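Engineer: Below is one structure. I have some questions about it.
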Amino acid sequence: MILLTAAQTRELDQATIEEQNITSAELMERAAESFVQWFRGRYATASAGEILVLCGPGNNGGDGLAAARLLQQAHYAVRVALLPAEQHSADWRHNRQRLTAAVPVTDISAAHLPHIAPHTLVVDALFGTGLSRPLEGLPAALVAHLAAADARVVAVDIPSGLFADAPQPADSAVVRAEHTVSFGLPKLAFLLPQNAKFVGEWHVGDIGLSQQFIANAASPWHYTDAAAVAGSLPPRSRFSHKGTFGHALLLAGSRGKMGAAVLAAGACQRGGAGLLTARVPGCGYDIFQISVPEAMCLPDPQPDVISELPDLTPYQAVGIGPGLGQEAASLAVLRQLLRDSAAAPGRSQPMPLIIDADALNLLGQHRELLDLLPENTVLTPHPKEFERLTEPARDDYHRLELLRDFAQRHRSLVVLKGAYSCLATPGGELHFNSTGNPGMATGGSGDVLTGLLLALRADARLLPADAVRLGVYAHGMAGDLAAHETGEAGLIAGDIVRQLGPALSRCSHLI
Ligand SMILES: NC(=O)C1=CN([C@@H]2O[C@H](COP(=O)(O)OP(=O)(O)OC[C@H]3O[C@@H](n4cnc5c(N)ncnc54)[C@H](OP(=O)(O)O)[C@@H]3O)[C@@H](O)[C@H]2O)[C@@H](O)CC1
Ligand SMILES: Nc1ncnc2c1ncn2[C@@H]1O[C@H](COP(=O)(O)OP(=O)(O)O)[C@@H](O)[C@H]1O
Ligand SMILES: [K+]
């Protein structure tokens with residue numbers, strides 16, 4: 001699924017109206033119906049109390065007026081408060097006229113801010129994607145009044161005061177919604193941690209927007225949903241053998257951090273690797289062999305850290321980093337790996353690499369190594385690791401710019417991990433992942449992702465970016481399946497490993 005800018009969203013409305021030969025009022029009616037359908041599913045009339053709908057002067061306010069009418073018809077107690085304006089949109093006026101006397105309407109002024117009892121359900125239809133500047137004056141005072149009232153806010157389309165696709169100045173007034181009910185496509189703003197306190201839980205209703213416009217729209221932003229990964233894991237041929245799916249090499253672990261190696265190796269096995277060999281420090285040999293009997297093990301001559309790179313000839317992909325430590329000997333191994341991978345003997349393509357955790361930190365300390373990264377190398381930093389590779393970001397939007405620039409400059413596939421992990425491609429695309437849950441915020445979850453991506457990059461049937469997008473999606477789905485069994489608090493990284501098989505199987509059955 002693609003994500004659009006606010007300007008493209010307006011074009012999409014227009015394209016839908018023209019393509020389907022409907023009026024803009026009819027499209028607004030669909031939006032209001034979609035909102036009310038969600039609302040009715042969430043709040044029973046008996047327990048909702050009196051609902052206050054706050055309406056601005058544009059089409060977002062028009063949605064609010066139409067929703068107030070439909071809510072009243074559905075037997076909710078509703079009142080409306082209008083923000084004063086010199087001009088109103090045509091569809092606002094249309095819906096103002098359609099509102100019957102059964103819905104009390106008041107005008108908002110600085111002297112008459114609406115009374116809001118604690119826990120009142122408030123529908124925020126002040127401003128939507130037409131927001132042209134930060135809120136000031138009366139709208140800002142109203143937002144502060146709403147926050148002070150401790151109301152339960154449901155935002156129409158987007159919380160008022162929040163830009164859909166760009167940062168707003170710090171401390172500008174933005175409504176804090178418990179739920180945001182949007183139309184057609186999610187907005188970029190919903191996916192960024194800095195906006196979570198405004199957006200709350202978000203939902204997107206289908207209002208029949210032009211699929212043709214969406215398919216042809218140019219945007220760097222994508223949202224990886226089930227449809228986006230459907231078919232990206234080909235079925236296994238009846239006559240396939242372990243060589244078909246690649247031999248992966250994992251360099252992971254140090255004294256006290258062998259768990260990272262075991263988790264990554266387990267994930268690589270569950271991710272479908274034909275063969276896995278792990279390079280671990282000498283002290284990890286028994287631990288590894290006992291924990292992951294399916295894998296082969298090449299213990300390092302050094303007891304505590306990895307100090308020597310094995311010959312890469314037998315392997316189709318190499319993963320390095322989980323639990324590695326940042327010793328000088330391991331830095332030398334990383335440097336050698338980058339050199340050997342760029343021009344692996346007998347290969348037309350560079351060796352597929354996955355670089356994570358301490359290997360990323362080593363890259364951050366020795367940035368000259370970034371120039372050695374082979375094309376399509378996968379890096380999986382969390383925001384702190386990413387900062388070490390680049391620079392501190394001013395905000396989440398700036399971090400996305402840094403991410404995109406980095407992936408383009410180094411021709412790499414970078415997964416910025418988080419609630420909506422974002423894959424940046426060498427071509428400048430950003431793919432936000434839709435699966436996963438806060439239960440995955442637990443030590444070792446990232447090691448599991450590294451192992452899974454290693455397996456998928458070793459599988460020559462998959463294109464590099466498709467493998468990573470699928471891996472990130474299946475990892476999140478495995479986390480969701482695991483949380484279903486354990487609850488979020490009880491989830492541990494090993495649970496994600498155990499659910500990778502079912503998750504991948506679901507992905508391969510998606511259509
Ligand atoms: N997307 C869809 O599929 C569909 C979208 N629909 C709905 O339409 C919404 C977009 O409507 P919209 O374009 O009329 O803009 P909206 O957000 O109501 O605000 C514009 C008004 O606010 C004003 N204004 C702006 N900033 C301001 C500020 N800081 N302080 C004060 N005033 C400010 C601005 O004035 P101006 O900038 O011209 O000075 C103008 O008067 C969209 O979010 C969705 O809810 C559905 O109905 C149909 C399907
Ligand atoms: N709130 C969340 N929602 C979805 N996924 C999450 C959330 N928190 C963490 N994750 C996922 O869990 C993994 C954590 O990785 P990382 O921070 O490297 O952990 P570790 O270093 O402990 O292995 C990432 O893939 C991330 O996307
Ligand atoms: K709104």
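Just so we're on the same page: first chain in the structure tokens is A, next is B, and so on; residues restart at 1 for each chain, and ligands are numbered from 1 in the order they show up.
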Quick one: which chain A residues come within 8 Å of ligand 1, and what is the nearest atom pair for each with the distance in Å to one decimal, counting only C-alpha atoms and all ligand atoms, rows ordered by chain and ascending number, as a Markdown table?

Structural biologist:
| residue | atom | partner | partner_atom_place_in_ligand_line | distance |
| --- | --- | --- | --- | --- |
| A:Thr9 | CA | ligand 1 | 1 (N) | 5.3 |
| A:Arg10 | CA | ligand 1 | 1 (N) | 6.1 |
| A:Leu12 | CA | ligand 1 | 3 (O) | 6.8 |
| A:Asp13 | CA | ligand 1 | 3 (O) | 5.1 |
| A:Ser24 | CA | ligand 1 | 48 (C) | 7.2 |
| A:Ala25 | CA | ligand 1 | 47 (O) | 7.5 |
| A:Leu27 | CA | ligand 1 | 48 (C) | 5.1 |
| A:Met28 | CA | ligand 1 | 47 (O) | 3.7 |
| A:Glu29 | CA | ligand 1 | 47 (O) | 7.2 |
| A:Arg30 | CA | ligand 1 | 48 (C) | 7.3 |
| A:Ala31 | CA | ligand 1 | 46 (C) | 5.3 |
| A:Ala32 | CA | ligand 1 | 47 (O) | 7.4 |
| A:Gly56 | CA | ligand 1 | 18 (O) | 6.4 |
| A:Pro57 | CA | ligand 1 | 41 (O) | 5.2 |
| A:Gly58 | CA | ligand 1 | 18 (O) | 3.4 |
| A:Asn59 | CA | ligand 1 | 14 (O) | 3.7 |
| A:Asn60 | CA | ligand 1 | 45 (O) | 3.6 |
| A:Gly61 | CA | ligand 1 | 18 (O) | 5.6 |
| A:Gly62 | CA | ligand 1 | 47 (O) | 6.5 |
| A:Asp63 | CA | ligand 1 | 47 (O) | 5.2 |
| A:Ala85 | CA | ligand 1 | 41 (O) | 7.5 |
| A:Gln87 | CA | ligand 1 | 41 (O) | 6.6 |
| A:His88 | CA | ligand 1 | 41 (O) | 6.3 |
| A:Ser89 | CA | ligand 1 | 14 (O) | 6.3 |
| A:Ala125 | CA | ligand 1 | 45 (O) | 7.1 |
| A:Leu126 | CA | ligand 1 | 18 (O) | 6.7 |
| A:Phe127 | CA | ligand 1 | 17 (O) | 3.8 |
| A:Gly128 | CA | ligand 1 | 17 (O) | 3.1 |
| A:Thr129 | CA | ligand 1 | 43 (O) | 4.1 |
| A:Gly130 | CA | ligand 1 | 15 (O) | 3.1 |
| A:Leu131 | CA | ligand 1 | 26 (N) | 3.6 |
| A:Ser132 | CA | ligand 1 | 26 (N) | 4.0 |
| A:Arg133 | CA | ligand 1 | 29 (N) | 4.2 |
| A:Pro134 | CA | ligand 1 | 29 (N) | 4.5 |
| A:Leu135 | CA | ligand 1 | 29 (N) | 4.0 |
| A:Glu136 | CA | ligand 1 | 30 (N) | 6.4 |
| A:Pro139 | CA | ligand 1 | 30 (N) | 6.6 |
| A:Val156 | CA | ligand 1 | 45 (O) | 6.0 |
| A:Asp157 | CA | ligand 1 | 45 (O) | 5.0 |
| A:Ile158 | CA | ligand 1 | 43 (O) | 6.6 |
| A:Ser160 | CA | ligand 1 | 17 (O) | 7.9 |
| A:Gly161 | CA | ligand 1 | 29 (N) | 6.7 |
| A:Ser182 | CA | ligand 1 | 45 (O) | 7.8 |
| A:Phe183 | CA | ligand 1 | 3 (O) | 5.6 |
| A:Gly184 | CA | ligand 1 | 3 (O) | 6.1 |
| A:Ile207 | CA | ligand 1 | 3 (O) | 7.3 |
| A:Leu209 | CA | ligand 1 | 3 (O) | 6.6 |

Engineer: Assign secondary structure with DSSP using the backbone only, and return the residues of segment 305-384 of chain A in helix (DSSP H, G or I) as an NGL selection string.

Structural biologist: :A and (328-342 or 357-365 or 367-372 or 383-384)

Engineer: Show which residues sit within 9 Å of segment 417-433 of chain A, as a PyMOL selection string. Count only C-alpha atoms, and ignore same-chain residues fewer than 4 positions away.

Structural biologist: chain A and resi 2+191-193+219-225+375-376+380-383+400+403-413+437-438+441+446+465+468-469+472-473+476

Engineer: Provide the atom CA of Pro350 of chain A to atom CA of Leu337 of chain A distance in Å, to one decimal place.

Structural biologist: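 If I compute the distance from atom CA of Pro350 of chain A to atom CA of Leu337 of chain A, I get 11.2 Å.
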
Engineer: With DSSP run on the backbone, what are the strand (DSSP E) residues within segment 284-452 of chain A? I'd like them as a list in words.

Structural biologist: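 Result set for segment 284-452 of chain A (strand (DSSP E)): Met296, Cys297, Leu298, Pro299, Ala317, Val318, Gly319, Ile320, Leu353, Ile354, Ile355, Val378, Leu379, Leu413, Val414, Val415, Leu416, Cys422, Leu423, Ala424, Leu430, His431, Phe432 and Asn433 of chain A.
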
Engineer: Pick out the closest residue to ligand 2 from this set: A:Val378, A:Cys507, A:Gly321, A:Gly490. Count only C-alpha atoms and all ligand atoms.

Structural biologist: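 Of A:Val378, A:Cys507, A:Gly321, A:Gly490, the one nearest ligand 2, counting only C-alpha atoms and all ligand atoms, is A:Gly321.
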
Engineer: As a PyMOL selection string, please: the residues near segment 283-295 of chain A (cut-off 12 Å, only C-alpha atoms, same-chain neighbours under 6 positions excluded).

Structural biologist: chain A and resi 247-270+272-277+301-306+323-324+494

Engineer: Taking N, CA and C atoms for each residue, export the selection above as a short mmCIF file (atom, residue, chain, number, x, y, z; two decimals), in the first residue's frame.

Structural biologist:
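Final output, again_16.cif:
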data_model
loop_
_atom_site.label_atom_id
_atom_site.label_comp_id
_atom_site.auth_asym_id
_atom_site.auth_seq_id
_atom_site.Cartn_x
_atom_site.Cartn_y
_atom_site.Cartn_z
N HIS A 247 23.37 -21.86 1.73
CA HIS A 247 24.16 -22.17 2.93
C HIS A 247 24.51 -20.82 3.57
N ALA A 248 24.05 -20.59 4.77
CA ALA A 248 24.26 -19.31 5.46
C ALA A 248 25.40 -19.42 6.46
N LEU A 249 26.15 -18.33 6.58
CA LEU A 249 27.19 -18.25 7.61
C LEU A 249 26.81 -17.16 8.59
N LEU A 250 26.82 -17.50 9.86
CA LEU A 250 26.50 -16.53 10.92
C LEU A 250 27.72 -16.30 11.79
N LEU A 251 28.11 -15.04 11.97
CA LEU A 251 29.20 -14.71 12.90
C LEU A 251 28.57 -13.98 14.07
N ALA A 252 28.49 -14.66 15.21
CA ALA A 252 27.76 -14.07 16.33
C ALA A 252 28.25 -14.64 17.65
N GLY A 253 28.03 -13.87 18.71
CA GLY A 253 28.32 -14.34 20.05
C GLY A 253 29.69 -13.89 20.55
N SER A 254 29.76 -13.78 21.87
CA SER A 254 31.01 -13.54 22.58
C SER A 254 30.74 -14.06 23.99
N ARG A 255 31.76 -14.06 24.85
CA ARG A 255 31.52 -14.60 26.19
C ARG A 255 30.40 -13.81 26.87
N GLY A 256 29.40 -14.52 27.37
CA GLY A 256 28.27 -13.86 28.04
C GLY A 256 27.16 -13.45 27.09
N LYS A 257 27.39 -13.57 25.79
CA LYS A 257 26.35 -13.18 24.82
C LYS A 257 26.13 -14.27 23.79
N MET A 258 26.22 -15.52 24.23
CA MET A 258 25.99 -16.62 23.29
C MET A 258 24.51 -16.77 22.95
N GLY A 259 23.66 -16.23 23.83
CA GLY A 259 22.22 -16.30 23.57
C GLY A 259 21.86 -15.62 22.26
N ALA A 260 22.56 -14.50 21.96
CA ALA A 260 22.27 -13.78 20.72
C ALA A 260 22.56 -14.68 19.52
N ALA A 261 23.67 -15.43 19.60
CA ALA A 261 24.03 -16.33 18.49
C ALA A 261 23.01 -17.46 18.36
N VAL A 262 22.57 -17.98 19.51
CA VAL A 262 21.61 -19.10 19.49
C VAL A 262 20.27 -18.63 18.91
N LEU A 263 19.82 -17.44 19.32
CA LEU A 263 18.54 -16.93 18.82
C LEU A 263 18.61 -16.66 17.31
N ALA A 264 19.69 -16.02 16.88
CA ALA A 264 19.82 -15.72 15.44
C ALA A 264 19.90 -17.01 14.63
N ALA A 265 20.63 -17.99 15.17
CA ALA A 265 20.77 -19.26 14.45
C ALA A 265 19.42 -19.99 14.38
N GLY A 266 18.69 -19.99 15.49
CA GLY A 266 17.37 -20.63 15.48
C GLY A 266 16.46 -19.97 14.46
N ALA A 267 16.52 -18.65 14.39
CA ALA A 267 15.67 -17.93 13.44
C ALA A 267 16.08 -18.23 12.01
N CYS A 268 17.39 -18.39 11.80
CA CYS A 268 17.87 -18.69 10.45
C CYS A 268 17.36 -20.07 10.02
N GLN A 269 17.40 -21.02 10.96
CA GLN A 269 16.89 -22.36 10.64
C GLN A 269 15.40 -22.32 10.35
N ARG A 270 14.67 -21.63 11.23
CA ARG A 270 13.22 -21.55 11.02
C ARG A 270 12.86 -20.71 9.80
N GLY A 272 14.17 -21.03 7.00
CA GLY A 272 14.21 -21.85 5.81
C GLY A 272 15.58 -22.05 5.19
N ALA A 273 16.66 -21.67 5.90
CA ALA A 273 17.99 -21.88 5.32
C ALA A 273 18.21 -23.36 5.05
N GLY A 274 18.87 -23.66 3.93
CA GLY A 274 19.18 -25.05 3.63
C GLY A 274 20.21 -25.58 4.61
N LEU A 275 21.26 -24.81 4.80
CA LEU A 275 22.33 -25.15 5.73
C LEU A 275 22.76 -23.90 6.48
N LEU A 276 23.17 -24.10 7.72
CA LEU A 276 23.69 -22.97 8.51
C LEU A 276 24.98 -23.40 9.19
N THR A 277 25.99 -22.55 9.03
CA THR A 277 27.23 -22.72 9.80
C THR A 277 27.40 -21.47 10.64
N PRO A 301 39.49 -19.78 17.17
CA PRO A 301 40.62 -20.12 18.06
C PRO A 301 40.63 -19.29 19.35
N GLN A 302 40.08 -18.09 19.32
CA GLN A 302 40.02 -17.27 20.53
C GLN A 302 38.86 -17.73 21.41
N PRO A 303 39.06 -17.81 22.74
CA PRO A 303 37.97 -18.31 23.59
C PRO A 303 36.79 -17.34 23.73
N ASP A 304 37.08 -16.01 23.77
CA ASP A 304 36.03 -15.07 24.18
C ASP A 304 35.36 -14.31 23.05
N VAL A 305 36.08 -14.11 21.96
CA VAL A 305 35.53 -13.32 20.85
C VAL A 305 35.86 -13.99 19.53
N ILE A 306 35.22 -13.49 18.48
CA ILE A 306 35.53 -14.00 17.14
C ILE A 306 36.70 -13.20 16.59
N GLY A 323 25.49 -10.12 19.46
CA GLY A 323 26.35 -10.51 20.58
C GLY A 323 27.83 -10.52 20.26
N LEU A 324 28.25 -9.85 19.18
CA LEU A 324 29.63 -9.96 18.69
C LEU A 324 30.64 -9.33 19.63
N GLY A 494 12.68 -16.09 22.10
CA GLY A 494 12.57 -17.48 21.64
C GLY A 494 11.16 -17.81 21.16
#

Engineer: With only C-alpha atoms and all ligand atoms as the atoms that count, which of A:Arg42, A:Arg176, A:His366, A:Arg96 lies nearest to ligand 3?

Structural biologist: A:Arg176

Engineer: Give me, please, the distance in Å between atom CA of Ala170 of chain A and atom CA of Thr390 of chain A, quoted to one decimal.

Structural biologist: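 Computed distance, atom CA of Ala170 of chain A to atom CA of Thr390 of chain A, equals 23.1 Å.
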
Engineer: If I take atom CA of Val414 of chain A and atom CA of Gln349 of chain A, how far is one from the other in Å, to one decimal?

Structural biologist: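 Between atom CA of Val414 of chain A and atom CA of Gln349 of chain A the gap works out to 19.0 Å.
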
Engineer: Which residues come within 8 Å of segment 67-79 of chain A, counting only C-alpha atoms, excluding same-chain residues fewer than 6 positions away, as a PyMOL selection string?

Structural biologist: chain A and resi 32-33+35-36+45+48-53+98-100+102-105

Engineer: I need the chosen residues saved as a CSV table (one decimal), in the first residue's frame, with N, CA and C atoms.

Structural biologist:
chain,number,residue,atom,x,y,z
A,32,ALA,N,-18.3,10.3,6.3
A,32,ALA,CA,-19.0,10.3,7.5
A,32,ALA,C,-19.6,9.0,7.9
A,33,GLU,N,-20.1,8.3,6.9
A,33,GLU,CA,-20.7,6.9,7.2
A,33,GLU,C,-19.6,6.0,7.7
A,35,PHE,N,-16.9,6.8,9.2
A,35,PHE,CA,-16.5,7.2,10.6
A,35,PHE,C,-17.6,6.7,11.6
A,36,VAL,N,-18.8,6.9,11.3
A,36,VAL,CA,-19.9,6.5,12.2
A,36,VAL,C,-20.0,5.0,12.3
A,45,THR,N,-24.6,3.1,22.4
A,45,THR,CA,-25.3,4.4,22.6
A,45,THR,C,-25.6,4.5,24.1
A,48,ALA,N,-22.3,5.8,25.8
A,48,ALA,CA,-21.5,6.9,25.2
A,48,ALA,C,-21.6,8.2,25.9
A,49,GLY,N,-22.8,8.5,26.5
A,49,GLY,CA,-23.1,9.8,27.1
A,49,GLY,C,-23.3,10.8,25.9
A,50,GLU,N,-23.4,12.1,26.3
A,50,GLU,CA,-23.6,13.1,25.3
A,50,GLU,C,-22.3,13.3,24.5
A,51,ILE,N,-22.3,13.2,23.2
A,51,ILE,CA,-21.1,13.4,22.4
A,51,ILE,C,-21.0,14.8,21.9
A,52,LEU,N,-19.9,15.4,22.0
A,52,LEU,CA,-19.6,16.7,21.5
A,52,LEU,C,-18.8,16.6,20.2
A,53,VAL,N,-19.4,17.2,19.1
A,53,VAL,CA,-18.6,17.2,17.9
A,53,VAL,C,-18.1,18.6,17.6
A,98,ARG,N,-28.2,20.4,6.4
A,98,ARG,CA,-28.9,19.1,6.6
A,98,ARG,C,-29.0,18.8,8.1
A,99,LEU,N,-28.3,19.5,9.0
A,99,LEU,CA,-28.4,19.2,10.4
A,99,LEU,C,-29.7,19.7,10.9
A,100,THR,N,-30.5,18.8,11.6
A,100,THR,CA,-31.8,19.2,12.0
A,100,THR,C,-31.7,19.8,13.4
A,102,ALA,N,-32.7,18.7,16.0
A,102,ALA,CA,-32.5,17.7,17.0
A,102,ALA,C,-31.1,17.7,17.6
A,103,VAL,N,-30.2,18.3,16.8
A,103,VAL,CA,-28.8,18.4,17.3
A,103,VAL,C,-28.5,19.9,17.7
A,104,PRO,N,-28.3,20.2,19.0
A,104,PRO,CA,-28.0,21.5,19.4
A,104,PRO,C,-26.7,22.0,18.9
A,105,VAL,N,-26.6,23.2,18.4
A,105,VAL,CA,-25.4,23.8,17.8
A,105,VAL,C,-25.1,25.1,18.5

Engineer: My list of candidates is A:Val497, A:Ala66, A:Leu491, A:Met477. Which is closest to Asp447 of chain A when distances are computed with only C-alpha atoms?

Structural biologist: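 Among the listed residues, A:Val497 lies closest to Asp447 of chain A.
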
Engineer: Which residue is closest to Gly471 of chain A? Choose from A:Ala6, A:Leu233, A:Ala332, A:Leu416 and count only C-alpha atoms.

Structural biologist: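 Smallest distance to Gly471 of chain A is found for A:Leu233.
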
Engineer: Which one of A:Gly64, A:Gly205, A:Gly325, A:Pro167 sits closest to ligand 3 if you count only C-alpha atoms and all ligand atoms?

Structural biologist: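 Result for the nearest residue to ligand 3: A:Gly64.
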
Engineer: With distances taken over only C-alpha atoms, which residue among A:Val333, A:Leu453, A:Ile496, A:Leu82 lies nearest Leu353 of chain A?

Structural biologist: A:Leu453

Engineer: Please provide as a list in words all residues within 8 Å of segment 308-312 of chain A, with the sequence filter that same-chain residues fewer than 6 positions apart are discarded (counting only C-alpha atoms).

Structural biologist: Arg279, Asp300, Pro301, Ala329, Ser330, Val333, Gln336, Leu337, Asp340, Ser341 and Ala344 of chain A
